[in-house]
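Q: My structure is in data_39.cif, and what it holds is mmCIF, C-alpha atoms:
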```cif
data_final
#
loop_
_atom_site.group_PDB
_atom_site.id
_atom_site.type_symbol
_atom_site.label_atom_id
_atom_site.label_comp_id
_atom_site.auth_asym_id
_atom_site.auth_seq_id
_atom_site.Cartn_x
_atom_site.Cartn_y
_atom_site.Cartn_z
ATOM 1 C CA ALA K 273 -12.400 27.156 30.733
ATOM 2 C CA LEU K 274 -9.478 27.686 28.374
ATOM 3 C CA TYR K 275 -10.605 25.059 25.864
ATOM 4 C CA PHE K 276 -14.190 26.291 25.927
ATOM 5 C CA MET K 277 -13.031 29.866 25.334
ATOM 6 C CA LEU K 278 -10.769 28.746 22.471
ATOM 7 C CA LEU K 279 -13.704 26.899 20.889
ATOM 8 C CA LEU K 280 -15.858 30.035 21.005
ATOM 9 C CA LEU K 281 -13.026 32.137 19.560
ATOM 10 C CA VAL K 282 -12.553 29.682 16.674
ATOM 11 C CA LEU K 283 -16.292 29.804 15.922
ATOM 12 C CA THR K 284 -16.162 33.617 15.993
ATOM 13 C CA LEU K 285 -13.007 34.248 13.975
ATOM 14 C CA PHE K 286 -12.581 31.341 11.582
ATOM 15 C CA VAL K 287 -15.958 29.679 10.958
ATOM 16 C CA ARG K 288 -18.512 31.523 8.816
ATOM 17 C CA LEU K 289 -21.766 30.716 10.579
ATOM 18 C CA PRO K 290 -25.243 32.080 9.833
ATOM 19 C CA TYR K 291 -25.813 35.166 11.977
ATOM 20 C CA HIS K 292 -28.473 33.642 14.252
ATOM 21 C CA ILE K 293 -26.210 30.669 15.056
ATOM 22 C CA TRP K 294 -23.092 32.861 15.399
ATOM 23 C CA LYS K 295 -24.952 35.085 17.856
ATOM 24 C CA LYS K 296 -26.253 32.135 19.861
ATOM 25 C CA THR K 297 -22.724 30.797 20.418
ATOM 26 C CA HIS K 298 -21.957 33.993 22.327
ATOM 27 C CA THR K 299 -24.654 33.178 24.888
ATOM 28 C CA PHE K 300 -22.428 30.312 26.089
ATOM 29 C CA LEU K 301 -19.671 32.683 27.205
ATOM 30 C CA PHE K 302 -21.077 32.404 30.728
ATOM 31 C CA VAL K 303 -19.774 28.803 30.904
ATOM 32 C CA PRO K 304 -16.035 29.689 30.869
ATOM 33 C CA GLN K 305 -16.852 32.655 33.129
ATOM 34 C CA ILE K 306 -18.295 30.307 35.761
ATOM 35 C CA LEU K 307 -15.366 27.911 35.394
ATOM 36 C CA ILE K 308 -12.914 30.789 35.794
ATOM 37 C CA LEU K 309 -14.734 31.927 38.941
ATOM 38 C CA LEU K 310 -14.521 28.423 40.409
ATOM 39 C CA HIS K 311 -10.861 28.267 39.421
ATOM 40 C CA ILE K 312 -10.141 31.492 41.348
ATOM 41 C CA ILE K 313 -12.065 30.315 44.413
ATOM 42 C CA PHE K 314 -10.574 26.855 44.822
ATOM 43 C CA ILE K 315 -6.990 26.776 43.508
ATOM 44 C CA ASN K 316 -3.931 27.486 45.644
ATOM 45 C CA SER K 317 -2.337 30.473 43.915
ATOM 46 C CA ASP K 318 -1.597 34.174 44.300
ATOM 47 C CA THR K 319 -5.332 34.869 44.424
ATOM 48 C CA SER K 320 -5.686 32.679 47.533
ATOM 49 C CA GLN K 321 -2.640 34.162 49.272
ATOM 50 C CA TYR K 322 -3.246 37.900 48.703
ATOM 51 C CA LEU K 323 -6.602 39.147 49.933
ATOM 52 C CA ALA K 324 -6.645 42.344 47.823
ATOM 53 C CA LEU K 325 -5.912 40.383 44.626
ATOM 54 C CA ARG K 326 -8.542 37.782 45.545
ATOM 55 C CA ILE K 327 -11.192 40.459 46.071
ATOM 56 C CA TRP K 328 -10.220 42.146 42.790
ATOM 57 C CA MET K 329 -10.382 38.943 40.701
ATOM 58 C CA LEU K 330 -13.600 37.716 42.293
ATOM 59 C CA SER K 331 -15.195 41.141 41.776
ATOM 60 C CA LEU K 332 -14.277 41.142 38.071
ATOM 61 C CA SER K 333 -15.680 37.634 37.601
ATOM 62 C CA ALA K 334 -18.882 38.487 39.457
ATOM 63 C CA LEU K 335 -19.278 41.683 37.420
ATOM 64 C CA GLY K 336 -19.008 39.688 34.177
ATOM 65 C CA LEU K 337 -21.675 37.223 35.308
ATOM 66 C CA LEU K 338 -23.959 40.035 36.462
ATOM 67 C CA ALA K 339 -23.584 41.738 33.068
ATOM 68 C CA TYR K 340 -24.546 38.471 31.365
ATOM 69 C CA ALA K 341 -27.574 38.011 33.654
ATOM 70 C CA TYR K 342 -28.715 41.594 32.984
ATOM 71 C CA LYS K 343 -28.455 41.238 29.192
ATOM 72 C CA LYS K 344 -30.109 37.805 29.182
ATOM 73 C CA PHE K 345 -32.951 38.269 31.663
ATOM 74 C CA LEU K 346 -33.477 41.962 32.486
ATOM 75 C CA TYR K 347 -32.540 43.929 29.352
ATOM 76 C CA PRO K 348 -35.380 42.510 27.180
ATOM 77 C CA ASN K 349 -37.866 44.115 29.594
ATOM 78 C CA LEU K 350 -35.911 47.041 31.054
ATOM 79 C CA GLY K 351 -33.856 48.156 28.046
ATOM 80 C CA TYR K 352 -34.599 51.159 25.828
ATOM 81 C CA ARG K 353 -37.276 49.518 23.683
ATOM 82 C CA HIS K 354 -39.737 51.324 21.422
ATOM 83 C CA ALA K 355 -42.691 49.913 19.478
ATOM 84 C CA TYR K 356 -42.779 50.830 15.783
ATOM 85 C CA GLU K 357 -44.504 49.559 12.658
ATOM 86 C CA ILE K 358 -43.352 49.460 9.053
ATOM 87 C CA ALA K 359 -44.545 52.471 7.059
ATOM 88 C CA GLY K 360 -42.827 51.545 3.795
ATOM 89 C CA VAL K 361 -40.024 49.537 2.203
ATOM 90 C CA LYS K 362 -38.075 50.621 -0.891
ATOM 91 C CA GLN K 363 -35.510 48.742 -2.949
ATOM 92 C CA LEU K 364 -32.847 51.219 -4.118
ATOM 93 C CA GLY K 365 -30.360 49.123 -6.071
ATOM 94 C CA SER K 366 -28.650 46.939 -3.457
ATOM 95 C CA ILE K 367 -29.991 49.150 -0.645
ATOM 96 C CA ILE K 368 -33.198 48.311 1.207
ATOM 97 C CA GLU K 369 -34.707 51.438 2.761
ATOM 98 C CA ILE K 370 -37.065 50.844 5.670
ATOM 99 C CA ASN K 371 -39.277 53.593 7.092
ATOM 100 C CA MET K 372 -41.024 53.071 10.433
ATOM 101 C CA LEU K 373 -43.639 54.975 12.433
ATOM 102 C CA PRO K 374 -43.898 54.961 16.263
ATOM 103 C CA LEU K 375 -46.872 53.198 17.829
ATOM 104 C CA ALA K 376 -46.377 55.033 21.128
ATOM 105 C CA ARG K 377 -43.375 56.987 22.390
ATOM 106 C CA LYS K 378 -40.994 58.100 19.641
ATOM 107 C CA ILE K 379 -37.333 57.179 20.061
ATOM 108 C CA SER K 380 -35.000 60.022 21.034
ATOM 109 C CA PHE K 381 -31.573 59.853 19.400
ATOM 110 C CA LEU K 382 -28.633 61.901 18.189
ATOM 111 C CA PRO K 383 -27.707 62.017 14.490
ATOM 112 C CA GLY K 384 -25.220 59.273 13.667
ATOM 113 C CA GLN K 385 -26.439 56.727 16.210
ATOM 114 C CA PHE K 386 -27.625 53.164 15.568
ATOM 115 C CA VAL K 387 -30.333 50.860 16.925
ATOM 116 C CA PHE K 388 -31.063 47.144 17.195
ATOM 117 C CA LEU K 389 -34.198 46.051 15.348
ATOM 118 C CA SER K 390 -36.299 42.951 15.909
ATOM 119 C CA PHE K 391 -38.948 42.413 13.212
ATOM 120 C CA LYS K 392 -42.266 40.710 13.979
ATOM 121 C CA SER K 393 -42.693 39.190 10.532
ATOM 122 C CA ASP K 394 -43.241 35.668 9.242
ATOM 123 C CA LYS K 395 -40.516 36.407 6.661
ATOM 124 C CA LEU K 396 -37.763 36.901 9.252
ATOM 125 C CA SER K 397 -36.343 35.471 12.434
ATOM 126 C CA LYS K 398 -36.882 37.607 15.532
ATOM 127 C CA GLU K 399 -33.287 38.080 16.695
ATOM 128 C CA GLU K 400 -31.981 41.630 17.030
ATOM 129 C CA HIS K 401 -29.783 43.137 14.298
ATOM 130 C CA PRO K 402 -27.917 46.464 14.437
ATOM 131 C CA PHE K 403 -28.704 49.154 11.844
ATOM 132 C CA THR K 404 -27.617 52.779 11.601
ATOM 133 C CA ILE K 405 -30.353 55.418 11.562
ATOM 134 C CA SER K 406 -30.240 57.395 8.303
ATOM 135 C CA SER K 407 -33.035 59.853 9.185
ATOM 136 C CA TRP K 408 -32.622 62.795 11.531
ATOM 137 C CA PRO K 409 -34.263 63.230 14.957
ATOM 138 C CA GLN K 410 -36.940 65.764 13.954
ATOM 139 C CA GLN K 411 -38.485 63.458 11.351
ATOM 140 C CA LYS K 412 -41.559 61.536 12.450
ATOM 141 C CA GLU K 413 -40.520 58.434 10.516
ATOM 142 C CA LEU K 414 -37.475 56.462 11.616
ATOM 143 C CA ARG K 415 -35.433 55.365 8.593
ATOM 144 C CA VAL K 416 -32.718 52.753 8.250
ATOM 145 C CA SER K 417 -30.889 51.977 5.014
ATOM 146 C CA VAL K 418 -29.550 48.439 4.734
ATOM 147 C CA LYS K 419 -27.109 46.882 2.294
ATOM 148 C CA ALA K 420 -28.404 43.463 1.206
ATOM 149 C CA LEU K 421 -25.272 41.415 1.904
ATOM 150 C CA GLY K 422 -26.360 38.298 3.794
ATOM 151 C CA ASP K 423 -29.288 35.930 4.225
ATOM 152 C CA PHE K 424 -31.100 38.096 6.759
ATOM 153 C CA THR K 425 -30.604 41.456 5.057
ATOM 154 C CA LYS K 426 -31.654 40.058 1.670
ATOM 155 C CA ARG K 427 -34.953 38.899 3.194
ATOM 156 C CA LEU K 428 -35.712 42.374 4.559
ATOM 157 C CA ALA K 429 -37.302 43.311 1.231
ATOM 158 C CA GLY K 430 -40.096 40.855 2.112
ATOM 159 C CA ILE K 431 -41.390 42.754 5.127
ATOM 160 C CA LYS K 432 -44.712 44.535 4.656
ATOM 161 C CA PRO K 433 -46.344 47.788 5.827
ATOM 162 C CA LYS K 434 -47.961 47.417 9.262
ATOM 163 C CA ASP K 435 -45.477 44.712 10.318
ATOM 164 C CA LYS K 436 -44.363 45.436 13.882
ATOM 165 C CA VAL K 437 -40.789 46.254 14.893
ATOM 166 C CA SER K 438 -39.116 46.459 18.310
ATOM 167 C CA VAL K 439 -36.463 49.189 18.332
ATOM 168 C CA TYR K 440 -33.735 48.938 20.978
ATOM 169 C CA GLY K 441 -31.448 51.890 21.575
ATOM 170 C CA PRO K 442 -30.059 54.267 20.589
ATOM 171 C CA PHE K 443 -26.343 53.453 20.779
ATOM 172 C CA GLY K 444 -23.093 54.957 19.497
ATOM 173 C CA GLN K 445 -21.106 58.166 19.941
ATOM 174 C CA LEU K 446 -20.157 59.076 16.374
ATOM 175 C CA GLY K 447 -22.604 61.981 16.138
ATOM 176 C CA GLU K 448 -21.901 63.151 19.675
ATOM 177 C CA LYS K 449 -18.235 63.670 18.846
ATOM 178 C CA SER K 450 -19.259 65.936 15.968
ATOM 179 C CA LEU K 451 -22.141 67.801 17.573
ATOM 180 C CA PHE K 452 -20.270 68.743 20.743
ATOM 181 C CA SER K 453 -17.030 69.839 19.096
ATOM 182 C CA GLU K 454 -16.261 73.275 17.662
ATOM 183 C CA LYS K 455 -13.717 71.862 15.199
ATOM 184 C CA ASP K 456 -14.571 71.558 11.506
ATOM 185 C CA ASP K 457 -15.476 68.068 10.298
ATOM 186 C CA VAL K 458 -14.092 65.825 7.583
ATOM 187 C CA TRP K 459 -16.456 62.912 6.917
ATOM 188 C CA ILE K 460 -15.217 59.937 4.892
ATOM 189 C CA ALA K 461 -17.763 57.286 3.895
ATOM 190 C CA GLY K 462 -17.499 54.138 1.815
ATOM 191 C CA GLY K 463 -20.600 52.490 0.344
ATOM 192 C CA ILE K 464 -23.297 51.867 2.953
ATOM 193 C CA GLY K 465 -21.033 53.657 5.459
ATOM 194 C CA ILE K 466 -22.812 56.817 4.310
ATOM 195 C CA THR K 467 -25.820 56.075 6.578
ATOM 196 C CA PRO K 468 -24.718 57.858 9.803
ATOM 197 C CA PHE K 469 -23.611 60.850 7.743
ATOM 198 C CA LEU K 470 -27.044 61.104 6.087
ATOM 199 C CA SER K 471 -28.523 61.684 9.521
ATOM 200 C CA LEU K 472 -25.809 64.201 10.463
ATOM 201 C CA LEU K 473 -26.071 65.908 7.074
ATOM 202 C CA ALA K 474 -29.822 66.448 7.484
ATOM 203 C CA TYR K 475 -29.266 67.822 10.968
ATOM 204 C CA TYR K 476 -26.565 70.303 9.962
ATOM 205 C CA SER K 477 -28.463 71.330 6.840
ATOM 206 C CA ASN K 478 -31.725 72.055 8.615
ATOM 207 C CA LYS K 479 -30.094 73.712 11.621
ATOM 208 C CA LYS K 480 -27.860 75.800 9.309
ATOM 209 C CA LEU K 481 -24.975 75.668 11.780
ATOM 210 C CA LYS K 482 -21.720 77.428 10.871
ATOM 211 C CA LYS K 483 -19.368 74.464 11.185
ATOM 212 C CA LYS K 484 -17.485 73.682 7.947
ATOM 213 C CA ILE K 485 -18.006 70.113 6.738
ATOM 214 C CA TRP K 486 -16.377 68.174 3.909
ATOM 215 C CA LEU K 487 -18.087 64.878 3.033
ATOM 216 C CA PHE K 488 -15.981 62.475 0.942
ATOM 217 C CA TYR K 489 -18.090 59.628 -0.418
ATOM 218 C CA THR K 490 -16.684 56.706 -2.401
ATOM 219 C CA VAL K 491 -18.719 53.992 -4.143
ATOM 220 C CA ARG K 492 -17.912 51.361 -6.754
ATOM 221 C CA ASN K 493 -20.498 52.370 -9.373
ATOM 222 C CA VAL K 494 -22.764 55.334 -10.037
ATOM 223 C CA GLU K 495 -25.762 53.074 -9.342
ATOM 224 C CA ASP K 496 -24.487 52.508 -5.786
ATOM 225 C CA ALA K 497 -24.736 56.224 -4.929
ATOM 226 C CA VAL K 498 -28.479 56.009 -4.308
ATOM 227 C CA TYR K 499 -28.498 58.984 -1.919
ATOM 228 C CA ALA K 500 -26.399 61.312 -4.078
ATOM 229 C CA GLN K 501 -29.351 63.564 -4.964
ATOM 230 C CA GLU K 502 -30.560 63.719 -1.358
ATOM 231 C CA MET K 503 -27.047 64.708 -0.271
ATOM 232 C CA ARG K 504 -26.798 67.414 -2.945
ATOM 233 C CA ASN K 505 -30.170 68.839 -1.936
ATOM 234 C CA MET K 506 -29.097 69.084 1.691
ATOM 235 C CA SER K 507 -25.735 70.652 0.842
ATOM 236 C CA ARG K 508 -27.537 73.407 -1.121
ATOM 237 C CA ILE K 509 -29.393 74.409 2.044
ATOM 238 C CA ASN K 510 -26.159 74.931 3.986
ATOM 239 C CA PRO K 511 -23.227 76.456 2.013
ATOM 240 C CA ASN K 512 -20.789 75.284 4.718
ATOM 241 C CA ILE K 513 -21.230 71.693 3.527
ATOM 242 C CA GLU K 514 -19.177 70.438 0.581
ATOM 243 C CA ILE K 515 -19.652 66.967 -0.944
ATOM 244 C CA ILE K 516 -16.928 65.190 -2.924
ATOM 245 C CA THR K 517 -17.804 61.869 -4.595
ATOM 246 C CA ALA K 518 -15.368 59.274 -5.982
ATOM 247 C CA ILE K 519 -16.595 56.478 -8.314
ATOM 248 C CA THR K 520 -13.941 53.746 -8.342
ATOM 249 C CA SER K 521 -15.207 52.084 -11.541
ATOM 250 C CA GLN K 522 -14.484 55.369 -13.336
ATOM 251 C CA GLY K 523 -10.911 55.459 -12.104
ATOM 252 C CA GLU K 524 -11.611 57.875 -9.247
ATOM 253 C CA ARG K 525 -9.858 56.752 -6.089
ATOM 254 C CA LEU K 526 -10.222 58.349 -2.683
ATOM 255 C CA SER K 527 -6.867 58.776 -0.947
ATOM 256 C CA GLY K 528 -5.475 60.589 2.045
ATOM 257 C CA ASN K 529 -3.606 62.959 -0.276
ATOM 258 C CA ALA K 530 -6.835 63.857 -2.105
ATOM 259 C CA VAL K 531 -8.579 64.555 1.215
ATOM 260 C CA VAL K 532 -5.810 66.787 2.617
ATOM 261 C CA GLU K 533 -5.386 68.613 -0.695
ATOM 262 C CA LYS K 534 -9.074 69.515 -0.647
ATOM 263 C CA ILE K 535 -9.269 70.666 2.987
ATOM 264 C CA GLU K 536 -5.852 72.430 2.758
ATOM 265 C CA THR K 537 -4.812 71.787 6.385
ATOM 266 C CA VAL K 538 -5.411 69.010 8.918
ATOM 267 C CA LYS K 539 -5.241 71.394 11.886
ATOM 268 C CA ASN K 540 -8.337 72.066 13.990
ATOM 269 C CA LYS K 541 -10.371 69.347 12.270
ATOM 270 C CA ASN K 542 -11.907 66.024 13.258
ATOM 271 C CA PHE K 543 -11.913 63.123 10.804
ATOM 272 C CA PHE K 544 -14.870 60.701 10.855
ATOM 273 C CA LEU K 545 -14.512 57.437 8.915
ATOM 274 C CA CYS K 546 -17.253 54.889 8.308
ATOM 275 C CA GLY K 547 -17.369 51.995 5.866
ATOM 276 C CA PRO K 548 -15.668 48.691 5.073
ATOM 277 C CA LEU K 549 -12.753 47.815 7.339
ATOM 278 C CA SER K 550 -10.242 47.782 4.462
ATOM 279 C CA LEU K 551 -11.147 51.374 3.529
ATOM 280 C CA ILE K 552 -10.924 52.562 7.128
ATOM 281 C CA ASN K 553 -7.540 50.912 7.709
ATOM 282 C CA ASP K 554 -6.020 52.246 4.461
ATOM 283 C CA LEU K 555 -7.193 55.821 4.895
ATOM 284 C CA THR K 556 -6.351 55.914 8.596
ATOM 285 C CA GLU K 557 -2.738 54.964 7.862
ATOM 286 C CA GLN K 558 -2.531 57.512 5.041
ATOM 287 C CA LEU K 559 -3.942 60.284 7.241
ATOM 288 C CA TYR K 560 -1.440 59.489 9.992
ATOM 289 C CA GLU K 561 1.388 59.840 7.491
ATOM 290 C CA LEU K 562 -0.008 63.234 6.431
ATOM 291 C CA GLY K 563 0.075 64.634 9.949
ATOM 292 C CA VAL K 564 -3.342 63.759 11.355
ATOM 293 C CA ARG K 565 -3.075 62.774 15.009
ATOM 294 C CA PRO K 566 -4.844 59.691 16.428
ATOM 295 C CA GLY K 567 -7.051 61.882 18.640
ATOM 296 C CA GLN K 568 -8.465 63.582 15.537
ATOM 297 C CA ILE K 569 -9.778 60.346 13.994
ATOM 298 C CA ILE K 570 -13.153 58.860 14.993
ATOM 299 C CA LEU K 571 -14.039 55.473 13.504
ATOM 300 C CA GLU K 572 -17.319 53.688 12.960
ATOM 301 C CA GLU K 573 -16.398 50.243 11.669
ATOM 302 C CA PHE K 574 -18.852 48.333 9.498
ATOM 303 C CA ASN K 575 -17.841 44.686 9.798
ATOM 304 C CA PHE K 576 -20.484 43.078 7.622
ATOM 305 C CA LEU K 577 -22.026 39.872 8.940
ATOM 306 C CA PRO K 578 -24.425 37.534 7.137
#
```
Mind converting the file's structure to structure tokens?

A:
Amino acid sequence: ALYFMLLLLVLTLFVRLPYHIWKKTHTFLFVPQILILLHIIFINSDTSQYLALRIWMLSLSALGLLAYAYKKFLYPNLGYRHAYEIAGVKQLGSIIEINMLPLARKISFLPGQFVFLSFKSDKLSKEEHPFTISSWPQQKELRVSVKALGDFTKRLAGIKPKDKVSVYGPFGQLGEKSLFSEKDDVWIAGGIGITPFLSLLAYYSNKKLKKKIWLFYTVRNVEDAVYAQEMRNMSRINPNIEIITAITSQGERLSGNAVVEKIETVKNKNFFLCGPLSLINDLTEQLYELGVRPGQIILEEFNFLP
């Protein structure tokens, strides 16, 4: 069990595998789980001598195997799945924008959530991939905006209108922590990390809620800010929304000091960070040093996979 688990960890952390192979290795996690269960049942140890501990350990092992069985055999048929078809695909610089229309029941979601998509296209494999929704719930079309970083995402530009898509979800609590809090919001996005905030921005703009929002958006080049005009249009609708953009190639660098200087005080505010892990880690540490408490920071990590 130990050696099998170590092998899977090495494949996960140190070997750069294609996504579909990397994902398939995780399906073998049930093997060490079964071995661990057998280990608990048959060895002479504390688990065999203390009934309460034995029940606890066996229950945990059984729960893990049941979770695996549900995800493998039941979830594909019982999970939150919605049938959509491609309405249009746009190439916006390095961003591929995909718009989808429901074939039956429309998905219900909160701004800022994400879904798993499985495309029925001869251009792509059919495994599920997670993508953040960049449209808002009242729109008929469901939109995702994808950074073309790996083999799969680069091939997304080849899908065609009328191709079918299975949408699983929604998932995530980023938007919930904003929508159900009376505190003002500070949103910090790097690159494609802007996607959940596009959905939230449309929601707050159209609802014209009174919450004060500062959106700090950093990109490498002007060409990467493909949604800058859309963001400006939405901020004009709601004067409580302020957008601050930093272009790193022009010497503009987003820092914790710049954020706090703009918002004046960190009290009674929530800080939402989404983007590359390096950006999140740097700004989180800087905000801590400037007096922001851990409970005020909500993270949505984008660990990019091929």

Q: Taking the file as shown, what set of residues would the PyMOL selection byres ((chain K and resi 302) around 12) give back, as a ChimeraX atom specification?

A: /K:273,276-277,280,297-301,303-309,333-341,343-344

Q: Excluding K:Arg492 and its own-chain neighbours fewer than 6 positions away, which residues fall within 7 Å of it when counting only C-alpha atoms? Please give them as a list in words.

A: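 Surrounding residues, per the criterion: Ile519, Thr520 and Ser521 of chain K.
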
Q: Using the chain letters and residue numbers of this document, give as a VMD selection string the residues selected by the PyMOL selection byres ((chain K and resi 503) around 12).

A: chain K and resid 406 466 to 467 469 to 477 486 to 489 497 to 502 504 to 510 513 to 517

Q: For stretch 363-377 of chain K, please output as a list of chain:residue names all residues within 8 Å (counting only C-alpha atoms; exclusion window: fewer than 6 positions along the same chain).

A: K:His354, K:Ala355, K:Tyr356, K:Glu357, K:Lys412, K:Glu413, K:Leu414, K:Arg415, K:Val416, K:Ser417, K:Val418, K:Lys419, K:Ala420, K:Leu428, K:Ala429, K:Glu495, K:Asp496, K:Val498

Q: Select, from K:Ile313, K:Val387, K:Leu571, K:Leu446, the residue with the minimum atom-to-atom distance to K:Cys546, counting all atoms listed in the file.

A: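 Comparing K:Ile313, K:Val387, K:Leu571, K:Leu446 against K:Cys546, the winner is K:Leu571.
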
Q: When you look at K:Gly444 with a cut-off of 9 Å (counting all atoms listed in the file), what residues show up, excluding the ones that are within fewer than 2 positions of it in the same chain? I need them as a ChimeraX atom specification.

A: /K:382,384-387,442,446-448,572

Q: Those residues you just picked out, can you put them in a file as a PDB file, in the frame of the given file with C-alpha atoms?

A:
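Full text of part_18.pdb as output:
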```pdb
ATOM      1  CA  LEU K 382     -28.633  61.901  18.189  1.00  0.00           C
ATOM      2  CA  GLY K 384     -25.220  59.273  13.667  1.00  0.00           C
ATOM      3  CA  GLN K 385     -26.439  56.727  16.210  1.00  0.00           C
ATOM      4  CA  PHE K 386     -27.625  53.164  15.568  1.00  0.00           C
ATOM      5  CA  VAL K 387     -30.333  50.860  16.925  1.00  0.00           C
ATOM      6  CA  PRO K 442     -30.059  54.267  20.589  1.00  0.00           C
ATOM      7  CA  LEU K 446     -20.157  59.076  16.374  1.00  0.00           C
ATOM      8  CA  GLY K 447     -22.604  61.981  16.138  1.00  0.00           C
ATOM      9  CA  GLU K 448     -21.901  63.151  19.675  1.00  0.00           C
ATOM     10  CA  GLU K 572     -17.319  53.688  12.960  1.00  0.00           C
TER      11      GLU K 572
END
```

Q: Record the distance separating atom CA of K:Lys395 and atom CA of K:Trp294, expressed in Å with one decimal.

A: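 The value is 19.8 Å.
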
Q: Would you kindly translate the PyMOL selection byres ((chain K and resi 532-544) around 9) into the concrete residues it picks from this file, as JSON, numbers by chain?

A: {"K": [446, 449, 450, 453, 454, 455, 456, 457, 458, 459, 460, 461, 486, 527, 528, 529, 530, 531, 545, 546, 559, 562, 563, 564, 567, 568, 569, 570, 571, 572]}

Q: Pick from K:Ala359, K:Ile315, K:Leu396, K:Leu285: nearest to K:Lys432, with only C-alpha atoms counted?

A: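 Going through K:Ala359, K:Ile315, K:Leu396, K:Leu285 one by one, the smallest distance to K:Lys432 is for K:Ala359.
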
Q: Taking all listed atoms of stretch 347-360 of chain K, build the axis-aligned box, pad each of the six sides by 8 Å, then write its centre and edge lengths in Å to one decimal as lines of an AutoDock Vina configuration file.

A:
```
center_x = -38.5
center_y = 47.5
center_z = 17.4
size_x = 28.0
size_y = 26.0
size_z = 43.3
```

Q: Rounded to one decimal place, report the atom CA of K:Pro548-atom CA of K:Phe443 distance in Å.

A: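 Going from atom CA of K:Pro548 over to atom CA of K:Phe443 covers 19.6 Å.
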
Q: To one decimal place in Å, what is the distance between atom CA of K:Pro468 and atom CA of K:Thr404?

A: 6.1 Å
